[in-house]
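File shown: model.pdb (PDB, C-alpha atoms, pLDDT in the B column).
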ATOM      1  CA  MET A   1     -18.110  24.857  -7.404  1.00 67.00           C
ATOM      2  CA  ASN A   2     -19.107  24.053  -3.808  1.00 68.00           C
ATOM      3  CA  ALA A   3     -18.719  20.741  -2.002  1.00 69.00           C
ATOM      4  CA  SER A   4     -22.421  19.840  -2.067  1.00 74.00           C
ATOM      5  CA  ALA A   5     -22.569  20.338  -5.846  1.00 81.00           C
ATOM      6  CA  ILE A   6     -19.527  18.116  -6.323  1.00 79.00           C
ATOM      7  CA  GLU A   7     -21.109  15.376  -4.200  1.00 79.00           C
ATOM      8  CA  GLN A   8     -24.133  15.332  -6.515  1.00 83.00           C
ATOM      9  CA  MET A   9     -22.043  14.815  -9.674  1.00 83.00           C
ATOM     10  CA  THR A  10     -21.741  11.430 -11.363  1.00 88.00           C
ATOM     11  CA  ASN A  11     -18.388   9.704 -11.788  1.00 84.00           C
ATOM     12  CA  THR A  12     -18.414  10.667 -15.461  1.00 87.00           C
ATOM     13  CA  GLU A  13     -19.097  14.330 -14.670  1.00 83.00           C
ATOM     14  CA  LEU A  14     -16.318  14.378 -12.084  1.00 82.00           C
ATOM     15  CA  LEU A  15     -13.832  12.793 -14.475  1.00 83.00           C
ATOM     16  CA  VAL A  16     -14.761  15.276 -17.217  1.00 84.00           C
ATOM     17  CA  ALA A  17     -14.285  18.154 -14.750  1.00 84.00           C
ATOM     18  CA  LEU A  18     -10.866  16.787 -13.812  1.00 83.00           C
ATOM     19  CA  CYS A  19      -9.577  15.518 -17.166  1.00 84.00           C
ATOM     20  CA  GLY A  20     -11.662  17.258 -19.809  1.00 85.00           C
ATOM     21  CA  PRO A  21     -13.491  15.398 -22.630  1.00 86.00           C
ATOM     22  CA  SER A  22     -11.271  12.315 -22.164  1.00 85.00           C
ATOM     23  CA  GLY A  23     -13.043  11.820 -18.832  1.00 81.00           C
ATOM     24  CA  ARG A  24     -15.946  10.201 -20.690  1.00 87.00           C
ATOM     25  CA  THR A  25     -13.655   7.455 -21.948  1.00 85.00           C
ATOM     26  CA  LEU A  26     -11.981   7.099 -18.567  1.00 82.00           C
ATOM     27  CA  ALA A  27     -15.403   6.626 -16.955  1.00 83.00           C
ATOM     28  CA  LYS A  28     -15.613   3.223 -18.652  1.00 84.00           C
ATOM     29  CA  HIS A  29     -12.923   1.990 -16.237  1.00 79.00           C
ATOM     30  CA  PRO A  30     -13.704   1.138 -12.588  1.00 76.00           C
ATOM     31  CA  LEU A  31     -12.510   3.882 -10.241  1.00 74.00           C
ATOM     32  CA  LEU A  32     -10.326   1.401  -8.352  1.00 70.00           C
ATOM     33  CA  GLU A  33      -8.382   0.786 -11.554  1.00 73.00           C
ATOM     34  CA  LEU A  34      -8.195   4.463 -12.501  1.00 74.00           C
ATOM     35  CA  PHE A  35      -6.521   5.317  -9.209  1.00 71.00           C
ATOM     36  CA  GLY A  36      -4.271   2.252  -9.157  1.00 66.00           C
ATOM     37  CA  LEU A  37      -6.007   0.581  -6.217  1.00 61.00           C
ATOM     38  CA  ARG A  38      -6.649  -2.543  -8.268  1.00 60.00           C
ATOM     39  CA  ALA A  39      -4.822  -3.960 -11.274  1.00 60.00           C
ATOM     40  CA  PRO A  40      -6.861  -4.026 -14.511  1.00 57.00           C
ATOM     41  CA  ARG A  41      -8.830  -7.234 -14.900  1.00 53.00           C
ATOM     42  CA  GLN A  42      -7.968  -9.708 -17.627  1.00 43.00           C
ATOM     43  CA  GLN A  43     -10.195  -9.174 -20.629  1.00 43.00           C
ATOM     44  CA  SER A  44     -10.815 -12.858 -21.267  1.00 40.00           C
ATOM     45  CA  PHE A  45     -10.237 -16.165 -19.539  1.00 38.00           C
ATOM     46  CA  PHE A  46      -7.595 -17.375 -21.972  1.00 40.00           C
ATOM     47  CA  ALA A  47      -4.456 -18.003 -19.920  1.00 42.00           C
ATOM     48  CA  CYS A  48      -2.190 -16.814 -22.703  1.00 42.00           C
ATOM     49  CA  GLU A  49      -3.843 -13.400 -22.955  1.00 43.00           C
ATOM     50  CA  ASP A  50      -2.197 -10.540 -21.098  1.00 47.00           C
ATOM     51  CA  ARG A  51      -4.271  -8.219 -18.976  1.00 48.00           C
ATOM     52  CA  ALA A  52      -5.001  -4.863 -20.535  1.00 51.00           C
ATOM     53  CA  GLN A  53      -2.658  -2.230 -19.156  1.00 53.00           C
ATOM     54  CA  TYR A  54      -4.134   1.028 -17.954  1.00 53.00           C
ATOM     55  CA  ILE A  55      -1.853   4.052 -18.026  1.00 65.00           C
ATOM     56  CA  ALA A  56      -3.057   6.728 -15.651  1.00 68.00           C
ATOM     57  CA  HIS A  57      -4.259  10.006 -17.146  1.00 74.00           C
ATOM     58  CA  PRO A  58      -1.735  12.710 -16.099  1.00 80.00           C
ATOM     59  CA  GLN A  59      -4.289  14.680 -14.101  1.00 79.00           C
ATOM     60  CA  ILE A  60      -5.492  11.556 -12.288  1.00 76.00           C
ATOM     61  CA  ALA A  61      -1.871  10.650 -11.530  1.00 78.00           C
ATOM     62  CA  VAL A  62      -1.329  14.159 -10.110  1.00 82.00           C
ATOM     63  CA  ALA A  63      -4.524  13.980  -8.034  1.00 77.00           C
ATOM     64  CA  LYS A  64      -3.508  10.586  -6.638  1.00 74.00           C
ATOM     65  CA  GLU A  65       0.009  11.820  -5.816  1.00 79.00           C
ATOM     66  CA  LEU A  66      -1.412  14.792  -3.907  1.00 80.00           C
ATOM     67  CA  TRP A  67      -3.752  12.448  -2.026  1.00 73.00           C
ATOM     68  CA  MET A  68      -0.814  10.145  -1.155  1.00 74.00           C
ATOM     69  CA  ARG A  69       1.240  13.105   0.077  1.00 82.00           C
ATOM     70  CA  ALA A  70      -1.654  14.288   2.241  1.00 78.00           C
ATOM     71  CA  MET A  71      -1.877  10.871   3.923  1.00 72.00           C
ATOM     72  CA  HIS A  72       1.910  10.768   4.314  1.00 73.00           C
ATOM     73  CA  ALA A  73       1.770  14.159   6.056  1.00 79.00           C
ATOM     74  CA  GLU A  74      -1.009  12.922   8.347  1.00 74.00           C
ATOM     75  CA  MET A  75       1.112   9.913   9.357  1.00 70.00           C
ATOM     76  CA  GLU A  76       4.025  12.234  10.073  1.00 74.00           C
ATOM     77  CA  ALA A  77       1.779  13.883  12.660  1.00 74.00           C
ATOM     78  CA  GLY A  78       1.203  10.549  14.401  1.00 73.00           C
ATOM     79  CA  ILE A  79      -0.492   7.187  13.815  1.00 72.00           C
ATOM     80  CA  LYS A  80      -3.368   6.041  15.999  1.00 69.00           C
ATOM     81  CA  LEU A  81      -3.018   2.276  16.378  1.00 59.00           C
ATOM     82  CA  ASN A  82      -6.647   1.924  17.409  1.00 59.00           C
ATOM     83  CA  SER A  83      -7.738   3.722  14.229  1.00 64.00           C
ATOM     84  CA  PRO A  84      -5.357   2.626  11.453  1.00 71.00           C
ATOM     85  CA  GLY A  85      -7.478   3.885   8.558  1.00 80.00           C
ATOM     86  CA  VAL A  86      -4.909   6.359   7.219  1.00 81.00           C
ATOM     87  CA  VAL A  87      -2.169   3.693   7.177  1.00 87.00           C
ATOM     88  CA  ASN A  88      -4.417   1.230   5.365  1.00 88.00           C
ATOM     89  CA  ASP A  89      -5.514   3.871   2.842  1.00 84.00           C
ATOM     90  CA  TYR A  90      -1.914   4.918   2.265  1.00 86.00           C
ATOM     91  CA  LEU A  91      -0.797   1.333   1.644  1.00 89.00           C
ATOM     92  CA  ARG A  92      -3.739   0.627  -0.658  1.00 86.00           C
ATOM     93  CA  GLY A  93      -2.744   3.623  -2.744  1.00 83.00           C
ATOM     94  CA  LYS A  94       0.972   2.869  -2.585  1.00 83.00           C
ATOM     95  CA  ILE A  95       1.111  -0.864  -3.348  1.00 87.00           C
ATOM     96  CA  GLY A  96      -2.458  -2.202  -3.652  1.00 84.00           C
ATOM     97  CA  GLY A  97      -2.651  -2.101  -7.440  1.00 79.00           C
ATOM     98  CA  LEU A  98       0.873  -3.267  -8.282  1.00 83.00           C
ATOM     99  CA  GLU A  99       1.265  -6.398 -10.395  1.00 83.00           C
ATOM    100  CA  TYR A 100       4.519  -7.368  -8.673  1.00 87.00           C
ATOM    101  CA  GLU A 101       5.213  -8.006  -5.002  1.00 91.00           C
ATOM    102  CA  VAL A 102       6.762  -5.214  -2.928  1.00 92.00           C
ATOM    103  CA  PHE A 103       7.930  -5.299   0.701  1.00 93.00           C
ATOM    104  CA  CYS A 104       7.832  -1.979   2.578  1.00 94.00           C
ATOM    105  CA  VAL A 105       8.689  -0.776   6.057  1.00 96.00           C
ATOM    106  CA  LEU A 106       7.178   2.236   7.814  1.00 94.00           C
ATOM    107  CA  PHE A 107       9.726   3.564  10.322  1.00 95.00           C
ATOM    108  CA  LEU A 108       8.124   5.385  13.276  1.00 93.00           C
ATOM    109  CA  ASP A 109       9.428   7.274  16.273  1.00 92.00           C
ATOM    110  CA  ALA A 110       8.426   6.674  19.904  1.00 92.00           C
ATOM    111  CA  GLN A 111       5.329   8.881  19.459  1.00 90.00           C
ATOM    112  CA  LEU A 112       4.263   6.809  16.418  1.00 89.00           C
ATOM    113  CA  LYS A 113       5.065   9.637  14.030  1.00 89.00           C
ATOM    114  CA  LEU A 114       6.190   8.514  10.596  1.00 89.00           C
ATOM    115  CA  ILE A 115       9.898   9.045   9.969  1.00 92.00           C
ATOM    116  CA  SER A 116      10.150   7.309   6.618  1.00 91.00           C
ATOM    117  CA  ALA A 117       8.204   4.873   4.415  1.00 91.00           C
ATOM    118  CA  GLU A 118      10.637   2.784   2.390  1.00 92.00           C
ATOM    119  CA  GLU A 119      10.452   0.055  -0.212  1.00 91.00           C
ATOM    120  CA  ILE A 120      12.892  -2.640   0.893  1.00 89.00           C
ATOM    121  CA  PHE A 121      12.727  -5.003  -2.059  1.00 86.00           C
ATOM    122  CA  ARG A 122      10.606  -6.323  -4.905  1.00 84.00           C
ATOM    123  CA  GLY A 123       9.841  -9.996  -5.261  1.00 78.00           C
ATOM    124  CA  THR A 124       8.293 -12.889  -3.360  1.00 74.00           C
ATOM    125  CA  VAL A 125       8.581 -12.594   0.409  1.00 69.00           C
ATOM    126  CA  THR A 126      10.968 -15.251   1.723  1.00 63.00           C
ATOM    127  CA  GLU A 127      13.473 -15.423   4.541  1.00 53.00           C
ATOM    128  CA  THR A 128      16.321 -15.293   2.018  1.00 50.00           C
ATOM    129  CA  ALA A 129      14.904 -12.270   0.174  1.00 69.00           C
ATOM    130  CA  VAL A 130      14.424 -10.034   3.224  1.00 77.00           C
ATOM    131  CA  TYR A 131      17.631  -9.048   4.982  1.00 85.00           C
ATOM    132  CA  PRO A 132      16.868  -8.424   8.684  1.00 91.00           C
ATOM    133  CA  ARG A 133      20.295  -6.871   9.200  1.00 92.00           C
ATOM    134  CA  GLU A 134      19.592  -4.168   6.617  1.00 93.00           C
ATOM    135  CA  ILE A 135      16.230  -3.332   8.175  1.00 95.00           C
ATOM    136  CA  VAL A 136      17.793  -3.197  11.645  1.00 96.00           C
ATOM    137  CA  LYS A 137      20.574  -0.981  10.286  1.00 95.00           C
ATOM    138  CA  GLN A 138      18.070   1.405   8.720  1.00 96.00           C
ATOM    139  CA  ALA A 139      15.961   1.515  11.884  1.00 97.00           C
ATOM    140  CA  LEU A 140      19.025   2.491  13.909  1.00 97.00           C
ATOM    141  CA  SER A 141      20.075   5.048  11.287  1.00 96.00           C
ATOM    142  CA  LEU A 142      16.640   6.703  11.442  1.00 96.00           C
ATOM    143  CA  ASN A 143      16.470   6.394  15.243  1.00 96.00           C
ATOM    144  CA  ALA A 144      13.167   4.547  14.848  1.00 96.00           C
ATOM    145  CA  ALA A 145      11.479   3.091  17.919  1.00 96.00           C
ATOM    146  CA  ASN A 146       8.755   1.213  16.026  1.00 95.00           C
ATOM    147  CA  VAL A 147       8.154  -0.222  12.576  1.00 96.00           C
ATOM    148  CA  MET A 148       5.195  -1.448  10.575  1.00 95.00           C
ATOM    149  CA  LEU A 149       5.852  -4.050   7.888  1.00 96.00           C
ATOM    150  CA  ALA A 150       3.794  -4.225   4.714  1.00 95.00           C
ATOM    151  CA  HIS A 151       3.711  -6.054   1.430  1.00 94.00           C
ATOM    152  CA  ASN A 152       1.205  -6.746  -1.311  1.00 94.00           C
ATOM    153  CA  HIS A 153      -0.264  -9.870  -2.856  1.00 92.00           C
ATOM    154  CA  PRO A 154      -0.922  -9.085  -6.539  1.00 89.00           C
ATOM    155  CA  SER A 155      -3.414 -11.971  -6.650  1.00 87.00           C
ATOM    156  CA  GLY A 156      -5.708  -9.993  -4.345  1.00 87.00           C
ATOM    157  CA  ASP A 157      -5.768 -12.790  -1.756  1.00 91.00           C
ATOM    158  CA  THR A 158      -4.542 -11.301   1.518  1.00 94.00           C
ATOM    159  CA  MET A 159      -4.396 -14.562   3.467  1.00 94.00           C
ATOM    160  CA  PRO A 160      -0.937 -14.668   5.166  1.00 94.00           C
ATOM    161  CA  SER A 161       1.279 -17.455   3.867  1.00 92.00           C
ATOM    162  CA  SER A 162       3.602 -19.525   6.037  1.00 92.00           C
ATOM    163  CA  ALA A 163       6.497 -17.528   4.563  1.00 90.00           C
ATOM    164  CA  ASP A 164       4.763 -14.259   5.556  1.00 92.00           C
ATOM    165  CA  LYS A 165       4.400 -15.498   9.127  1.00 94.00           C
ATOM    166  CA  LYS A 166       7.972 -16.768   9.281  1.00 93.00           C
ATOM    167  CA  ILE A 167       9.606 -13.560   8.045  1.00 93.00           C
ATOM    168  CA  THR A 168       7.454 -11.562  10.496  1.00 95.00           C
ATOM    169  CA  THR A 169       8.803 -13.642  13.374  1.00 95.00           C
ATOM    170  CA  VAL A 170      12.387 -13.324  12.099  1.00 94.00           C
ATOM    171  CA  LEU A 171      12.152  -9.532  11.773  1.00 96.00           C
ATOM    172  CA  LYS A 172      10.368  -9.133  15.106  1.00 97.00           C
ATOM    173  CA  THR A 173      13.149 -11.097  16.838  1.00 96.00           C
ATOM    174  CA  ALA A 174      15.967  -9.215  15.070  1.00 96.00           C
ATOM    175  CA  LEU A 175      14.490  -5.775  15.752  1.00 97.00           C
ATOM    176  CA  SER A 176      13.737  -6.569  19.391  1.00 97.00           C
ATOM    177  CA  LEU A 177      17.491  -6.939  19.964  1.00 96.00           C
ATOM    178  CA  VAL A 178      17.851  -3.194  19.364  1.00 96.00           C
ATOM    179  CA  ASP A 179      14.607  -2.266  21.189  1.00 97.00           C
ATOM    180  CA  VAL A 180      12.580  -1.610  18.051  1.00 97.00           C
ATOM    181  CA  ARG A 181       8.999  -2.904  18.140  1.00 97.00           C
ATOM    182  CA  VAL A 182       7.204  -4.445  15.175  1.00 97.00           C
ATOM    183  CA  LEU A 183       3.676  -3.086  15.568  1.00 95.00           C
ATOM    184  CA  ASP A 184       2.063  -4.801  12.611  1.00 96.00           C
ATOM    185  CA  HIS A 185       2.536  -6.583   9.309  1.00 96.00           C
ATOM    186  CA  ILE A 186      -0.076  -5.514   6.784  1.00 96.00           C
ATOM    187  CA  ILE A 187      -0.846  -7.456   3.612  1.00 96.00           C
ATOM    188  CA  VAL A 188      -2.538  -5.541   0.805  1.00 93.00           C
ATOM    189  CA  GLY A 189      -4.393  -7.158  -2.076  1.00 90.00           C
ATOM    190  CA  GLY A 190      -6.017  -4.571  -4.313  1.00 83.00           C
ATOM    191  CA  ASN A 191      -8.455  -2.805  -2.015  1.00 82.00           C
ATOM    192  CA  ARG A 192      -8.335  -5.537   0.645  1.00 89.00           C
ATOM    193  CA  ILE A 193      -6.253  -5.486   3.824  1.00 92.00           C
ATOM    194  CA  THR A 194      -5.180  -8.111   6.351  1.00 95.00           C
ATOM    195  CA  SER A 195      -3.493  -6.920   9.544  1.00 94.00           C
ATOM    196  CA  PHE A 196      -1.381  -9.344  11.589  1.00 96.00           C
ATOM    197  CA  ALA A 197      -2.103  -7.226  14.677  1.00 93.00           C
ATOM    198  CA  HIS A 198      -5.849  -7.328  14.093  1.00 91.00           C
ATOM    199  CA  GLU A 199      -5.743 -11.082  13.482  1.00 93.00           C
ATOM    200  CA  GLY A 200      -3.656 -11.701  16.606  1.00 93.00           C
ATOM    201  CA  LEU A 201      -0.675 -12.964  14.610  1.00 91.00           C
ATOM    202  CA  ILE A 202       1.912 -10.598  16.055  1.00 86.00           C
TER     203      ILE A 202
END
Show this structure as structure tokens.
Amino acid sequence: MNASAIEQMTNTELLVALCGPSGRTLAKHPLLELFGLRAPRQQSFFACEDRAQYIAHPQIAVAKELWMRAMHAEMEAGIKLNSPGVVNDYLRGKIGGLEYEVFCVLFLDAQLKLISAEEIFRGTVTETAVYPREIVKQALSLNAANVMLAHNHPSGDTMPSSADKKITTVLKTALSLVDVRVLDHIIVGGNRITSFAHEGLI
């Protein structure tokens, strides 16, 4: 099957090709939910009703993992700060669809090549929850020259909170003491992105 033929296929046809007959059922879900880029929407407006949980089809999970590894490999080759698409796509896939808050750090060398992408903690971002000393220690251990901070807002609203701004300042100050630059703090909400660097907040 050539690329042009694939481009002409419907979502349902593509899902059937990937997952077999179950692809027809999967096609009833939005693609953003299927690939974990957005949490499943609540089925009704009753506050007491839980949102329906979508468990990824094994072949979709494998396809997404391969896609994530490809982006990780591209970042290992070097990040272009003036074209951050691969970083944003990676973070959308990594934490965009989670229903709990996660704080991550991308550790980069002097040439902006990715050394390691690490989850630091889970939970609401506060000054007491993030330990600057541990992040500084890890940066020194990895011989990182730069870092990019990232966390998600499960609500989908990517507007930086006062706590987000405060912890960014705290980490930027702590890391500057060991000559490590904080290049950006990226907030992910589903498929949406807010960059502190782009907004002039860092």
Any chance you could work out the residue set of the PyMOL selection byres ((chain A and resi 161-167) around 9) here, as a PyMOL selection string?
chain A and resi 125-127+130+132+158-160+168-172+185+196+201-202
Take every atom of region 166-185 of chain A listed in the file, fit an axis-aligned box around them, add 5 Å per side, and give the centre and edge lengths in Å to one decimal as lines of an AutoDock Vina configuration file.
center_x = 10.0
center_y = -9.2
center_z = 14.6
size_x = 25.8
size_y = 25.2
size_z = 23.1
| message | Evaluate the PyMOL selection byres ((chain A and resi 135) around 10) against this structure - the residues, as number ranges by chain, please. | response | A: 105, 107, 120, 130-134, 136-141, 147, 171, 174-175
| message | Within 9 Å of (-0.1, -0.5, -5.7) (file coordinates; all atoms listed in the file), which protein or nucleic acid residues are there? I'd like them as a PyMOL selection string. | response | chain A and resi 36-39+91-100+102+152+154+188-190
- Mind pulling up the distance from CA of Ala61 (chain A) to CA of Gly20 (chain A)?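 Calculated distance between CA of Gly20 (chain A) and CA of Ala61 (chain A) is 14.4 Å.
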Do you know which residues the PyMOL selection byres ((chain A and resi 116) around 7) returns on this file, as a list in words? Leu106, Phe107, Leu114, Ile115, Ala117 and Glu118 of chain A
Could you turn the residues from that selection into a file that holds C-alpha atoms, as an mmCIF file, in the coordinates of the input?
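This is the output file result.cif:
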data_model
loop_
_atom_site.group_PDB
_atom_site.id
_atom_site.type_symbol
_atom_site.label_atom_id
_atom_site.label_comp_id
_atom_site.auth_asym_id
_atom_site.auth_seq_id
_atom_site.Cartn_x
_atom_site.Cartn_y
_atom_site.Cartn_z
ATOM 1 C CA LEU A 106 7.178 2.236 7.814
ATOM 2 C CA PHE A 107 9.726 3.564 10.322
ATOM 3 C CA LEU A 114 6.190 8.514 10.596
ATOM 4 C CA ILE A 115 9.898 9.045 9.969
ATOM 5 C CA ALA A 117 8.204 4.873 4.415
ATOM 6 C CA GLU A 118 10.637 2.784 2.390
#
Between A:Met148, A:Leu18, A:Ala110, A:Ala73, smallest distance to Asp179 (chain A) by all atoms listed in the file belongs to A:Ala110
With a distance cut-off of 10 Å and all atoms listed in the file, select the neighbouring residues of Lys28 (chain A), excluding the residue or stretch itself and same-chain residues fewer than 4 positions from it, and output the selection as a VMD selection string.
-> chain A and resid 11 to 12 23 to 24 34
Pairwise distance, CA of Ala145 (chain A) with CA of Leu112 (chain A), equals 8.3 Å
In Å and to one decimal, CA of Phe103 (chain A) is distant from CA of Asp184 (chain A) by 13.3 Å
For this session: Name the closest residue to Ser155 (chain A) among the candidates A:Glu101, A:Ser195, A:Arg122, A:Arg69; distances are taken between atoms, counting all atoms listed in the file.
Result: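 Nearest candidate to Ser155 (chain A) out of A:Glu101, A:Ser195, A:Arg122, A:Arg69: A:Glu101.
Comparing the minimum interatomic distances between Ile186 (chain A) and each of A:Glu119, A:Cys104, A:Glu13, A:Asn146, counting all atoms listed in the file, we find that A:Cys104 sits nearest.
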Counting only C-alpha atoms, closest pick from A:Cys19, A:Leu32, A:Ala27, A:Val86 relative to Val62 (chain A) is A:Cys19
In terms of all atoms listed in the file, the residue from A:His153, A:His29, A:Ile60, A:Asn191 at minimal distance from Thr124 (chain A) is A:His153
